[in-house]
Amino acid sequence: MSNNQHLIILRNKQNILEAEIKQIAELEKQLFFNNCYETQDLLKLFNEANLNCLCLYENQILIAYCLFTNEIEMIDVYKIGVVKSFQQKGFGNLLIKELKSFNKTILIEVSDRDATQNFYLKNGFLKLGVRKNYYWDKSNAIVFKWDPQIF
């Protein structure tokens with residue numbers, strides 16, 4: 001991790017800026033290609049699904065984000081994205097640490113073709129199960145869970 005100034009801001013439908021939604025949508029395209037949220041998708045999720053976003057800035061530039069819903073008993077993670085040039089530098093870990101500070105069970109699904117499975121295992125998540133042919137490309141969804149009662 002660099003010595004630059006880092007700031008994590010929690011955003012929701014009350015305080016998300018339109019410019020931030022557009023930045024997240026652009027990063028989605030760069031990182032997730034065929035499986036990305038467009039600007040209109042994000043607007044809908046923020047308004048209808050009570051989506052939250054942890055926005056991680058370095059020197060006032062958005063370098064990572066975590067989209068999630070914060071329910072009464074759990075957090076459901078929709079997506080974590082880190083700008084490619086900042087990957088493998090601990091920024092995803094910072095976002096996970098921030099999520100864990102809510103002290104709630106955290107659920108996340110990733111494709112069985114996704115290399116991030118080890119990232120979640122290293123961050124204390126347990127493999128909960130598999131959803132067969134879950135994604136558009138017929139890949140399976142691996143469901144991971146972090147439980148504050150265990151850790």
# chains A, B, ... in the order shown; residues from 1 in each chain; ligands from 1
$ select_by_dssp --residues "chain A" --states "strand (DSSP E)" --output "PDB file with N, CA and C atoms, in the first residue's frame"
ATOM      1  N   HIS A   6      -5.484   7.980   2.101  1.00  0.00           N
ATOM      2  CA  HIS A   6      -6.621   7.143   1.755  1.00  0.00           C
ATOM      3  C   HIS A   6      -7.821   7.533   2.605  1.00  0.00           C
ATOM      4  N   LEU A   7      -8.980   7.480   1.977  1.00  0.00           N
ATOM      5  CA  LEU A   7     -10.211   7.852   2.655  1.00  0.00           C
ATOM      6  C   LEU A   7     -11.306   6.910   2.197  1.00  0.00           C
ATOM      7  N   ILE A   8     -12.021   6.301   3.149  1.00  0.00           N
ATOM      8  CA  ILE A   8     -13.171   5.471   2.827  1.00  0.00           C
ATOM      9  C   ILE A   8     -14.417   6.230   3.255  1.00  0.00           C
ATOM     10  N   ILE A   9     -15.339   6.394   2.310  1.00  0.00           N
ATOM     11  CA  ILE A   9     -16.588   7.110   2.569  1.00  0.00           C
ATOM     12  C   ILE A   9     -17.753   6.156   2.335  1.00  0.00           C
ATOM     13  N   LEU A  10     -18.679   6.091   3.287  1.00  0.00           N
ATOM     14  CA  LEU A  10     -19.884   5.297   3.129  1.00  0.00           C
ATOM     15  C   LEU A  10     -20.926   6.143   2.412  1.00  0.00           C
ATOM     16  N   ARG A  11     -21.404   5.638   1.289  1.00  0.00           N
ATOM     17  CA  ARG A  11     -22.426   6.348   0.513  1.00  0.00           C
ATOM     18  C   ARG A  11     -23.710   5.522   0.472  1.00  0.00           C
ATOM     19  N   ASN A  52     -25.740   0.456  -0.621  1.00  0.00           N
ATOM     20  CA  ASN A  52     -24.705   1.261   0.008  1.00  0.00           C
ATOM     21  C   ASN A  52     -23.421   1.065  -0.774  1.00  0.00           C
ATOM     22  N   CYS A  53     -22.501   1.982  -0.620  1.00  0.00           N
ATOM     23  CA  CYS A  53     -21.213   1.845  -1.287  1.00  0.00           C
ATOM     24  C   CYS A  53     -20.120   2.394  -0.388  1.00  0.00           C
ATOM     25  N   LEU A  54     -19.113   1.568  -0.173  1.00  0.00           N
ATOM     26  CA  LEU A  54     -17.886   2.060   0.440  1.00  0.00           C
ATOM     27  C   LEU A  54     -17.003   2.522  -0.704  1.00  0.00           C
ATOM     28  N   CYS A  55     -16.715   3.798  -0.740  1.00  0.00           N
ATOM     29  CA  CYS A  55     -15.869   4.380  -1.789  1.00  0.00           C
ATOM     30  C   CYS A  55     -14.496   4.643  -1.186  1.00  0.00           C
ATOM     31  N   LEU A  56     -13.480   4.038  -1.772  1.00  0.00           N
ATOM     32  CA  LEU A  56     -12.107   4.203  -1.293  1.00  0.00           C
ATOM     33  C   LEU A  56     -11.363   5.136  -2.240  1.00  0.00           C
ATOM     34  N   TYR A  57     -10.917   6.236  -1.690  1.00  0.00           N
ATOM     35  CA  TYR A  57     -10.211   7.259  -2.470  1.00  0.00           C
ATOM     36  C   TYR A  57      -8.740   7.294  -2.088  1.00  0.00           C
ATOM     37  N   GLU A  58      -7.903   7.537  -3.083  1.00  0.00           N
ATOM     38  CA  GLU A  58      -6.500   7.855  -2.845  1.00  0.00           C
ATOM     39  C   GLU A  58      -6.259   9.205  -3.487  1.00  0.00           C
ATOM     40  N   ILE A  61      -9.062  10.443  -5.634  1.00  0.00           N
ATOM     41  CA  ILE A  61      -9.421   9.669  -6.831  1.00  0.00           C
ATOM     42  C   ILE A  61      -9.998   8.333  -6.378  1.00  0.00           C
ATOM     43  N   LEU A  62     -11.168   7.980  -6.910  1.00  0.00           N
ATOM     44  CA  LEU A  62     -11.806   6.715  -6.566  1.00  0.00           C
ATOM     45  C   LEU A  62     -10.972   5.564  -7.118  1.00  0.00           C
ATOM     46  N   ILE A  63     -10.468   4.710  -6.218  1.00  0.00           N
ATOM     47  CA  ILE A  63      -9.629   3.584  -6.648  1.00  0.00           C
ATOM     48  C   ILE A  63     -10.261   2.228  -6.335  1.00  0.00           C
ATOM     49  N   ALA A  64     -11.288   2.214  -5.471  1.00  0.00           N
ATOM     50  CA  ALA A  64     -11.940   0.952  -5.120  1.00  0.00           C
ATOM     51  C   ALA A  64     -13.318   1.249  -4.539  1.00  0.00           C
ATOM     52  N   TYR A  65     -14.181   0.245  -4.624  1.00  0.00           N
ATOM     53  CA  TYR A  65     -15.528   0.403  -4.092  1.00  0.00           C
ATOM     54  C   TYR A  65     -16.087  -0.951  -3.708  1.00  0.00           C
ATOM     55  N   CYS A  66     -17.062  -0.923  -2.832  1.00  0.00           N
ATOM     56  CA  CYS A  66     -17.786  -2.120  -2.428  1.00  0.00           C
ATOM     57  C   CYS A  66     -19.263  -1.777  -2.409  1.00  0.00           C
ATOM     58  N   LEU A  67     -20.043  -2.451  -3.241  1.00  0.00           N
ATOM     59  CA  LEU A  67     -21.494  -2.260  -3.294  1.00  0.00           C
ATOM     60  C   LEU A  67     -22.144  -3.325  -2.417  1.00  0.00           C
ATOM     61  N   PHE A  68     -23.046  -2.907  -1.518  1.00  0.00           N
ATOM     62  CA  PHE A  68     -23.658  -3.866  -0.598  1.00  0.00           C
ATOM     63  C   PHE A  68     -24.975  -3.330  -0.040  1.00  0.00           C
ATOM     64  N   THR A  69     -25.781  -4.245   0.474  1.00  0.00           N
ATOM     65  CA  THR A  69     -26.951  -3.842   1.252  1.00  0.00           C
ATOM     66  C   THR A  69     -26.661  -4.201   2.707  1.00  0.00           C
ATOM     67  N   ASN A  70     -27.138  -3.364   3.586  1.00  0.00           N
ATOM     68  CA  ASN A  70     -26.926  -3.533   5.018  1.00  0.00           C
ATOM     69  C   ASN A  70     -28.280  -3.836   5.652  1.00  0.00           C
ATOM     70  N   MET A  74     -27.511  -8.907   8.506  1.00  0.00           N
ATOM     71  CA  MET A  74     -26.413  -9.289   7.630  1.00  0.00           C
ATOM     72  C   MET A  74     -26.124  -8.233   6.576  1.00  0.00           C
ATOM     73  N   ILE A  75     -24.954  -8.386   5.981  1.00  0.00           N
ATOM     74  CA  ILE A  75     -24.541  -7.555   4.854  1.00  0.00           C
ATOM     75  C   ILE A  75     -24.473  -8.463   3.636  1.00  0.00           C
ATOM     76  N   ASP A  76     -25.089  -8.031   2.558  1.00  0.00           N
ATOM     77  CA  ASP A  76     -25.069  -8.774   1.302  1.00  0.00           C
ATOM     78  C   ASP A  76     -24.226  -7.979   0.304  1.00  0.00           C
ATOM     79  N   VAL A  77     -23.059  -8.504  -0.036  1.00  0.00           N
ATOM     80  CA  VAL A  77     -22.141  -7.808  -0.930  1.00  0.00           C
ATOM     81  C   VAL A  77     -22.523  -8.101  -2.371  1.00  0.00           C
ATOM     82  N   TYR A  78     -22.722  -7.041  -3.144  1.00  0.00           N
ATOM     83  CA  TYR A  78     -23.036  -7.175  -4.571  1.00  0.00           C
ATOM     84  C   TYR A  78     -21.759  -7.241  -5.402  1.00  0.00           C
ATOM     85  N   LYS A  79     -20.808  -6.391  -5.071  1.00  0.00           N
ATOM     86  CA  LYS A  79     -19.603  -6.312  -5.904  1.00  0.00           C
ATOM     87  C   LYS A  79     -18.516  -5.556  -5.154  1.00  0.00           C
ATOM     88  N   ILE A  80     -17.285  -5.998  -5.348  1.00  0.00           N
ATOM     89  CA  ILE A  80     -16.111  -5.255  -4.898  1.00  0.00           C
ATOM     90  C   ILE A  80     -15.245  -5.046  -6.126  1.00  0.00           C
ATOM     91  N   GLY A  81     -14.845  -3.813  -6.350  1.00  0.00           N
ATOM     92  CA  GLY A  81     -14.001  -3.508  -7.491  1.00  0.00           C
ATOM     93  C   GLY A  81     -12.808  -2.667  -7.080  1.00  0.00           C
ATOM     94  N   VAL A  82     -11.653  -3.012  -7.617  1.00  0.00           N
ATOM     95  CA  VAL A  82     -10.427  -2.256  -7.361  1.00  0.00           C
ATOM     96  C   VAL A  82      -9.787  -1.963  -8.717  1.00  0.00           C
ATOM     97  N   THR A 105     -22.977 -10.654   9.973  1.00  0.00           N
ATOM     98  CA  THR A 105     -22.662 -11.697   9.008  1.00  0.00           C
ATOM     99  C   THR A 105     -22.560 -11.056   7.628  1.00  0.00           C
ATOM    100  N   ILE A 106     -21.576 -11.476   6.850  1.00  0.00           N
ATOM    101  CA  ILE A 106     -21.375 -10.958   5.489  1.00  0.00           C
ATOM    102  C   ILE A 106     -21.501 -12.116   4.513  1.00  0.00           C
ATOM    103  N   LEU A 107     -22.309 -11.932   3.480  1.00  0.00           N
ATOM    104  CA  LEU A 107     -22.456 -12.917   2.410  1.00  0.00           C
ATOM    105  C   LEU A 107     -21.985 -12.319   1.098  1.00  0.00           C
ATOM    106  N   ILE A 108     -21.313 -13.145   0.294  1.00  0.00           N
ATOM    107  CA  ILE A 108     -20.911 -12.723  -1.047  1.00  0.00           C
ATOM    108  C   ILE A 108     -20.877 -13.954  -1.940  1.00  0.00           C
ATOM    109  N   GLU A 109     -21.268 -13.749  -3.197  1.00  0.00           N
ATOM    110  CA  GLU A 109     -21.211 -14.817  -4.190  1.00  0.00           C
ATOM    111  C   GLU A 109     -20.192 -14.431  -5.253  1.00  0.00           C
ATOM    112  N   VAL A 110     -19.387 -15.409  -5.675  1.00  0.00           N
ATOM    113  CA  VAL A 110     -18.459 -15.188  -6.784  1.00  0.00           C
ATOM    114  C   VAL A 110     -18.532 -16.387  -7.718  1.00  0.00           C
ATOM    115  N   SER A 111     -18.229 -16.150  -8.963  1.00  0.00           N
ATOM    116  CA  SER A 111     -18.229 -17.221  -9.947  1.00  0.00           C
ATOM    117  C   SER A 111     -17.127 -18.229  -9.628  1.00  0.00           C
ATOM    118  N   LEU A 126     -15.872 -18.362   4.906  1.00  0.00           N
ATOM    119  CA  LEU A 126     -16.030 -19.801   4.734  1.00  0.00           C
ATOM    120  C   LEU A 126     -16.911 -20.058   3.524  1.00  0.00           C
ATOM    121  N   LYS A 127     -16.612 -21.124   2.817  1.00  0.00           N
ATOM    122  CA  LYS A 127     -17.424 -21.508   1.666  1.00  0.00           C
ATOM    123  C   LYS A 127     -18.724 -22.114   2.192  1.00  0.00           C
ATOM    124  N   LEU A 128     -19.843 -21.483   1.855  1.00  0.00           N
ATOM    125  CA  LEU A 128     -21.139 -21.901   2.381  1.00  0.00           C
ATOM    126  C   LEU A 128     -21.832 -22.886   1.452  1.00  0.00           C
ATOM    127  N   GLY A 129     -21.690 -22.689   0.140  1.00  0.00           N
ATOM    128  CA  GLY A 129     -22.360 -23.574  -0.800  1.00  0.00           C
ATOM    129  C   GLY A 129     -22.128 -23.154  -2.241  1.00  0.00           C
ATOM    130  N   VAL A 130     -22.793 -23.859  -3.157  1.00  0.00           N
ATOM    131  CA  VAL A 130     -22.661 -23.611  -4.589  1.00  0.00           C
ATOM    132  C   VAL A 130     -24.052 -23.504  -5.205  1.00  0.00           C
ATOM    133  N   ARG A 131     -24.223 -22.526  -6.079  1.00  0.00           N
ATOM    134  CA  ARG A 131     -25.449 -22.381  -6.882  1.00  0.00           C
ATOM    135  C   ARG A 131     -25.082 -22.739  -8.314  1.00  0.00           C
ATOM    136  N   ALA A 141     -22.127 -20.216  -8.899  1.00  0.00           N
ATOM    137  CA  ALA A 141     -21.855 -19.200  -7.878  1.00  0.00           C
ATOM    138  C   ALA A 141     -21.374 -19.905  -6.620  1.00  0.00           C
ATOM    139  N   ILE A 142     -20.224 -19.482  -6.127  1.00  0.00           N
ATOM    140  CA  ILE A 142     -19.729 -19.963  -4.844  1.00  0.00           C
ATOM    141  C   ILE A 142     -20.168 -18.938  -3.798  1.00  0.00           C
ATOM    142  N   VAL A 143     -20.874 -19.388  -2.773  1.00  0.00           N
ATOM    143  CA  VAL A 143     -21.375 -18.505  -1.722  1.00  0.00           C
ATOM    144  C   VAL A 143     -20.403 -18.556  -0.547  1.00  0.00           C
ATOM    145  N   PHE A 144     -19.918 -17.390  -0.168  1.00  0.00           N
ATOM    146  CA  PHE A 144     -18.999 -17.262   0.960  1.00  0.00           C
ATOM    147  C   PHE A 144     -19.689 -16.499   2.088  1.00  0.00           C
ATOM    148  N   LYS A 145     -19.308 -16.862   3.322  1.00  0.00           N
ATOM    149  CA  LYS A 145     -19.904 -16.232   4.499  1.00  0.00           C
ATOM    150  C   LYS A 145     -18.807 -15.910   5.508  1.00  0.00           C
ATOM    151  N   TRP A 146     -18.906 -14.717   6.078  1.00  0.00           N
ATOM    152  CA  TRP A 146     -18.072 -14.345   7.216  1.00  0.00           C
ATOM    153  C   TRP A 146     -19.004 -14.112   8.392  1.00  0.00           C
TER     154      TRP A 146
END
$ residues_around --residues "A:Ile21" --least-positions-apart "2" --cutoff "12 Å" --atoms "only C-alpha atoms" --output "ChimeraX atom specification"
/A:11-13,15-19,23-28,37-46,51-55,62,65,67
$ atom_distance --atom1 "atom CA of A:Lys84" --atom2 "atom CA of A:Asn140"
24.3 Å
$ closest_residue --among "A:Glu20, A:Lys138, A:Gln5, A:Asn93" --to "A:Thr116" --atoms "only C-alpha atoms"
A:Asn93
$ atom_distance --atom1 "atom CA of A:Gln14" --atom2 "atom CA of A:Leu99"
19.3 Å
